[in-house]
Amino acid sequence: MKLRLSIFCVLLVLAFGSSLLLGSRVINPFTTNETGREILFSIRAPRSVVATLMGTALGASGAVLQGILRNPLADPYILGISSGASLSAAVGIIMGLTMFGSFTIPLLAFIGAVITGGIVGMMGWKRGGLWPERLLLAGIGLSFLFSSLLMLIMSVSTDEGVRRAILWIFGDLSMSDWSLIPYGLVFITSGLFISIARAKALNALILGDEFAYSLGFMPHLERFILFISVGLMTSASVSLGGMIGFIGLLVPHIVRFFIGADNRMLIPASAICGGTLLCIADLLSRSVAPPTELPAGIVTALIGSPYFLYLLRKKDVLGV
Amino acid sequence: MSSVSNPPVLRLDRICFSYKENGFFINDLSFIIGEGESIGLLGANGSGKSTILKLGSGILRPSSGNVVLWGKPINTYRNRDRAKLISYLPQILNFSVPFTLRELVSMGLYPYDISPPMTVKEALDMVGLRNKADSHITDLSGGEKRRAFIAMTLLQGAGLLFLDEPLANLDIRYQIELVRLLKRLKGERGISIVMALHDINIALQFEKVMLIKNGAVLSAGPPSEVLTDRLIREAFDVDVRMIREPEGKAYVRYEDNFDERMC
């Protein structure tokens with residue numbers, strides 16, 4: 001297993017390096033001129049770092065959520081966190097808010113995500129703990145509500161901001177810059193660290209609360225801690241670059257095929273593979289038809305879905 | 001069952017409990033589980049067997065009364081220390097994540113930082129599943145799945161096992177296989193077993209039987225004293241007859257002759 005995890009790490013390094021150096025213009029870091037260095041360090045590097053961070057957060061969050069909700073169809077967006085973030089960010093974009101400069105939209109998205117996560121948490125809370133079914137239904141309900149509000153705002157707005165908001169919602173990495181990365185890094189690594197530290201408890205929760213208790217865990221407390229870790233990672237990811245589909249839902253299933261279902265390996269491996277896939281998707285999204293950029297979320301789904309369907313046909317990856 | 005010959009492992013002392021949702025209650029329940037004892041809980045659906053198992057294992061907290069494990073109140077144990085002493089196997093084993101048997105069974109090691117009492121291989125050996133270590137749990141038969149979870153509880157090393165209807169949904173072969181396995185484990189490792197079940201013939205295999213009705217103990221003691229025509233009729237509201245053969249074996253016969261066949 002550790003060998004496979006090491007291979008995934010190597011693939012991530014290769015994908016990251018490729019997304020830095022390849023594209024509509026290939027850059028040789030040893031022979032490039034001032035313009036090439038500018039492209040490399042000011043445009044591509046922050047973009048690749050954001051892609052890696054977002055992919056890492058989404059892959060790990062998907063694995064954790066599928067465990068705590070005991071649902072193989074769960075993904076980081078099912079809790080409505082992304083819908084809250086999107087609504088908040090879209091309102092900011094359409095209204096042209098700029099009070100915190102380039103931080104304004106990510107900050108609004110983060111605040112929207114945290115508030116939504118809080119509401120979902122409160123609605124999922126009953127009799128001293130978080131209940132998976134309540135969390136799931138609260139998340140789906142809020143998602144519908146916020147998506148409808150978002151559509152309503154967009155349909156009555158005629159501003160150029162609508163187009164920019166749509167681009168942002170579907171995952172726009174072109175606005176990435178270094179200023180946001182430290183904040184994203186702190187939240188995502190914290191969430192990742194917590195998830196990996198509680199991976200044993202997550203394994204036990206998958207079997208059911210009574211098993212988890214019998215194995216020496218407090219199910220409600222563990223679920224709360226893991227919910228916070230997912231909230232941190234998803235909020236930070238959406239703030240960095242909008243919504244990227246596919247990774248959170250399907251990467252954990254693909255990784256389970258190679259690594260197994262033990263979350264002590266699955267969470268780090270899903271994080272690494274999520275980062276790898278988004279780096280490759282970003283590279284393709286800006287290389288296929290330059291200067292036009294495709295939304296990275298569409299590319300991740302176009303690469304990943306056929307492969308996932310192939311795996312599903314070949315081997316039982318969903319456990320059904 | 002107020003006294004036991006073996007040293008007491010767990011004591012439930014004047015336990016009261018009720019569910020807020022449906023008002024079902026356990027009132028003034030007391031019993032003792034001795035070291036190495038096997039106790040079968042029998043009762044109609046909804047009589048309180050599962051609730052009693054959850055109260056005994058600490059999953060549910062009583063509204064009054066004490067649950068005492070090895071002389072100390074169960075809620076004073078650290079979670080991991082408690083997990084080394086008591087293991088609970090629920091009735092429904094329902095999850096979709098395809099853990100391999102090895103991954104599942106090794107969860108029994110979670111309460112331990114240091115060397116556990118046995119290895120995964122030994123636990124799988126004991127339940128006869130070593131050759132399926134890399135199979136997905138979702139691919140196993142019902143009987144194999146139950147044995148896999150029992151291997152996990154063995155690895156957990158707990159001396160007291162609460163099993164909630166482990167024979168449910170198993171065909172007769174797997175039922176016999178599982179009861180044999182539990183008997184063997186009890187003999188070899190001195191494990192105490194408390195098991196909720198429905199089959200009166202299987203209950204005859206236990207050292208002690210508790211008949212439960214409406215959240216209270218109707219009768220408790222050796223099967224020969226508890227499993228009588230009158231008490232079974234009282235617990236289940238059906239007519240049965242206990243047949244005891246000269247060589248000591250006993251079995252139950254249903255008195256209803258099912259006048260007409262189901263066609």
# chains A, B, ... in the order shown; residues from 1 in each chain; ligands from 1
>>> residues_around(residues="Leu152 of chain A", least_positions_apart="4", cutoff="12 Å", atoms="only C-alpha atoms", output="list in words")
Leu87, Ala90, Val91, Leu145, Phe146, Ser147, Ser148, Val156, Ser157, Thr158 and Val162 of chain A
>>> closest_atom_pairs(of="segment 24-105 of chain B", to="segment 214-224 of chain B", cutoff="9 Å", atoms="only C-alpha atoms", output="tab-separated table")
residue	atom	partner	partner_atom	distance
B:Phe24	CA	B:Gly215	CA	7.8
B:Phe25	CA	B:Gly215	CA	6.1
B:Ile26	CA	B:Gly215	CA	4.6
B:Asn27	CA	B:Ala216	CA	6.6
B:Asp28	CA	B:Ala216	CA	7.7
B:Leu29	CA	B:Ala216	CA	6.4
B:Ser30	CA	B:Val217	CA	8.6
B:Gly43	CA	B:Asn214	CA	8.9
B:Ala44	CA	B:Asn214	CA	8.8
B:Gly46	CA	B:Asn214	CA	7.7
B:Ser47	CA	B:Asn214	CA	4.8
B:Gly48	CA	B:Gly215	CA	4.8
B:Lys49	CA	B:Gly215	CA	7.7
B:Thr51	CA	B:Gly215	CA	8.4
B:Ile52	CA	B:Gly215	CA	8.1
>>> write_last_selection(atoms="C-alpha atoms", output="tab-separated table (two decimals), in the first residue's frame")
chain	number	residue	atom	x	y	z
B	24	PHE	CA	-40.98	1.93	25.92
B	25	PHE	CA	-39.39	1.34	29.26
B	26	ILE	CA	-37.15	-0.99	31.23
B	27	ASN	CA	-38.10	-0.91	34.88
B	28	ASP	CA	-35.96	-2.07	37.79
B	29	LEU	CA	-33.86	-4.58	35.86
B	30	SER	CA	-31.09	-6.38	37.74
B	43	GLY	CA	-38.53	-12.77	24.23
B	44	ALA	CA	-41.11	-11.63	21.73
B	46	GLY	CA	-40.20	-5.54	21.02
B	47	SER	CA	-39.87	-7.14	24.46
B	48	GLY	CA	-36.64	-5.23	25.20
B	49	LYS	CA	-33.84	-7.71	24.40
B	51	THR	CA	-32.36	-2.45	24.74
B	52	ILE	CA	-31.03	-4.63	27.55
>>> closest_residue(among="B:Met152, B:Val127, B:Leu204, B:Leu160", to="Leu178 of chain B", atoms="only C-alpha atoms")
B:Val127
>>> closest_atom_pairs(of="chain B", to="chain A", cutoff="8 Å", atoms="only C-alpha atoms", output="Markdown table")
| residue | atom | partner | partner_atom | distance |
| --- | --- | --- | --- | --- |
| B:Ser57 | CA | A:Ser214 | CA | 8.0 |
| B:Ile59 | CA | A:Tyr213 | CA | 6.9 |
| B:Asn79 | CA | A:Gly216 | CA | 4.6 |
| B:Arg80 | CA | A:Gly216 | CA | 4.4 |
| B:Asp81 | CA | A:Gly216 | CA | 7.5 |
| B:Arg82 | CA | A:Gly216 | CA | 6.9 |
| B:Ala83 | CA | A:Gly216 | CA | 5.0 |
| B:Ile86 | CA | A:Ser214 | CA | 7.3 |
| B:Ser87 | CA | A:Ser214 | CA | 5.5 |
| B:Tyr88 | CA | A:Ser214 | CA | 5.7 |
| B:Leu89 | CA | A:Phe211 | CA | 7.0 |
| B:Pro90 | CA | A:Glu210 | CA | 6.9 |
| B:Leu93 | CA | A:Leu207 | CA | 7.4 |
| B:Asn94 | CA | A:Leu207 | CA | 7.2 |
| B:Phe95 | CA | A:Leu207 | CA | 6.1 |
| B:Ser96 | CA | A:Gly319 | CA | 5.3 |
| B:Val97 | CA | A:Gly319 | CA | 5.6 |
| B:Pro98 | CA | A:Gly319 | CA | 4.8 |
| B:Phe99 | CA | A:Ala261 | CA | 5.2 |
| B:Thr100 | CA | A:Gly260 | CA | 7.4 |
| B:Glu103 | CA | A:Asp262 | CA | 6.5 |
| B:Met107 | CA | A:Ala204 | CA | 7.4 |
| B:Gly108 | CA | A:Leu215 | CA | 6.9 |
| B:Tyr110 | CA | A:Leu215 | CA | 6.7 |
| B:Pro111 | CA | A:Gly216 | CA | 6.2 |
| B:Thr138 | CA | A:Gly319 | CA | 6.3 |
| B:Gln156 | CA | A:Leu215 | CA | 7.7 |
>>> write_last_selection(atoms="N, CA and C atoms", output="compact mmCIF listing (two decimals), in the first residue's frame")
# COMPACT_ATOMS: atom_id res chain seq x y z
N SER B 57 -23.99 -2.93 27.54
CA SER B 57 -22.71 -2.62 26.90
C SER B 57 -22.37 -1.14 27.01
N ILE B 59 -23.94 1.40 25.59
CA ILE B 59 -24.36 2.23 24.44
C ILE B 59 -25.50 3.15 24.86
N ASN B 79 -12.94 5.35 27.12
CA ASN B 79 -13.61 4.62 26.04
C ASN B 79 -12.79 3.44 25.54
N ARG B 80 -11.51 3.68 25.36
CA ARG B 80 -10.66 2.61 24.80
C ARG B 80 -10.47 1.48 25.80
N ASP B 81 -10.41 1.82 27.07
CA ASP B 81 -10.26 0.76 28.09
C ASP B 81 -11.53 -0.10 28.16
N ARG B 82 -12.67 0.58 28.05
CA ARG B 82 -13.94 -0.16 28.05
C ARG B 82 -14.02 -1.11 26.85
N ALA B 83 -13.51 -0.60 25.69
CA ALA B 83 -13.57 -1.40 24.46
C ALA B 83 -12.71 -2.66 24.55
N ILE B 86 -15.43 -4.99 26.79
CA ILE B 86 -16.78 -5.32 26.29
C ILE B 86 -16.85 -5.11 24.80
N SER B 87 -17.47 -6.03 24.10
CA SER B 87 -17.68 -5.85 22.67
C SER B 87 -19.16 -6.09 22.36
N TYR B 88 -19.69 -5.29 21.45
CA TYR B 88 -21.12 -5.39 21.11
C TYR B 88 -21.26 -5.60 19.61
N LEU B 89 -21.98 -6.61 19.23
CA LEU B 89 -22.22 -6.87 17.80
C LEU B 89 -23.69 -6.64 17.49
N PRO B 90 -23.99 -5.57 16.73
CA PRO B 90 -25.40 -5.27 16.48
C PRO B 90 -26.06 -6.26 15.53
N LEU B 93 -25.97 -5.51 10.07
CA LEU B 93 -24.62 -5.23 9.58
C LEU B 93 -24.78 -4.68 8.17
N ASN B 94 -25.02 -3.37 8.10
CA ASN B 94 -25.40 -2.79 6.82
C ASN B 94 -24.51 -1.60 6.47
N PHE B 95 -23.62 -1.79 5.52
CA PHE B 95 -22.81 -0.67 5.03
C PHE B 95 -22.35 -1.02 3.62
N SER B 96 -22.07 0.01 2.83
CA SER B 96 -21.78 -0.24 1.42
C SER B 96 -20.30 -0.13 1.07
N VAL B 97 -19.47 0.33 2.01
CA VAL B 97 -18.05 0.49 1.69
C VAL B 97 -17.38 -0.88 1.63
N PRO B 98 -16.70 -1.18 0.52
CA PRO B 98 -16.16 -2.54 0.36
C PRO B 98 -14.83 -2.76 1.09
N PHE B 99 -14.86 -2.78 2.42
CA PHE B 99 -13.66 -3.14 3.17
C PHE B 99 -13.28 -4.58 2.83
N THR B 100 -11.99 -4.86 2.80
CA THR B 100 -11.61 -6.27 2.72
C THR B 100 -11.75 -6.87 4.11
N GLU B 103 -9.06 -5.68 6.38
CA GLU B 103 -9.27 -4.30 6.86
C GLU B 103 -10.32 -4.27 7.97
N MET B 107 -9.82 -3.71 12.48
CA MET B 107 -10.40 -2.63 13.30
C MET B 107 -10.50 -3.04 14.77
N GLY B 108 -10.52 -4.35 15.00
CA GLY B 108 -10.53 -4.83 16.39
C GLY B 108 -9.30 -4.40 17.16
N TYR B 110 -8.09 -1.34 17.14
CA TYR B 110 -8.11 0.11 17.39
C TYR B 110 -7.95 0.51 18.85
N PRO B 111 -8.51 -0.25 19.79
CA PRO B 111 -8.33 0.20 21.18
C PRO B 111 -6.89 0.05 21.70
N THR B 138 -18.39 -7.20 1.26
CA THR B 138 -19.67 -7.16 0.55
C THR B 138 -19.87 -8.41 -0.32
N GLN B 156 -10.45 -7.71 19.26
CA GLN B 156 -10.64 -6.64 20.24
C GLN B 156 -10.27 -7.14 21.63
>>> closest_residue(among="A:Gly55, A:Leu11, A:Thr32, A:Leu167", to="Gly184 of chain A", atoms="only C-alpha atoms")
A:Gly55
>>> select_by_dssp(residues="segment 59-140 of chain B", states="strand (DSSP E or B)", output="list in words")
Ser64, Gly65, Asn66, Val67, Val68, Leu69, Lys72, Pro73, Ile86, Ser87, Tyr88, Leu89, Thr100 and His136 of chain B
>>> closest_residue(among="A:Ala51, A:Ile94, A:Leu150, A:Val114", to="Phe227 of chain A", atoms="only C-alpha atoms")
A:Val114
>>> closest_residue(among="B:Met118, B:Ile172, B:Ile92, B:Ala203", to="Leu154 of chain B", atoms="only C-alpha atoms")
B:Met118
>>> residues_around(residues="Leu197 of chain B", least_positions_apart="2", cutoff="9 Å", atoms="only C-alpha atoms", output="list in words")
Gly40, Leu41, Leu42, Gly43, Lys49, Leu163, Asp164, Glu165, Pro166, Leu167, Ala168, Met195, Asp199, Ile200, Ile202 and Ala203 of chain B
>>> residues_around(residues="segment 57-60 of chain A", least_positions_apart="6", cutoff="7 Å", atoms="only C-alpha atoms", output="ChimeraX atom specification")
/A:76,188,192,233-234,237,247-248,251-252,267-268,270-271,274
>>> atom_distance(atom1="atom CA of Val252 of chain B", atom2="atom CA of Leu53 of chain B")
25.2 Å
>>> residues_around(residues="segment 119-130 of chain A", least_positions_apart="2", cutoff="10 Å", atoms="only C-alpha atoms", output="PyMOL selection string")
chain A and resi 68+79-81+113-117+132-142+219-224+227-228+231
>>> closest_residue(among="B:Ile212, B:Lys249, B:Glu144, B:Ile176", to="Leu231 of chain B", atoms="only C-alpha atoms")
B:Ile212
>>> atom_distance(atom1="atom CA of Asp239 of chain B", atom2="atom CA of Asn45 of chain B")
16.7 Å
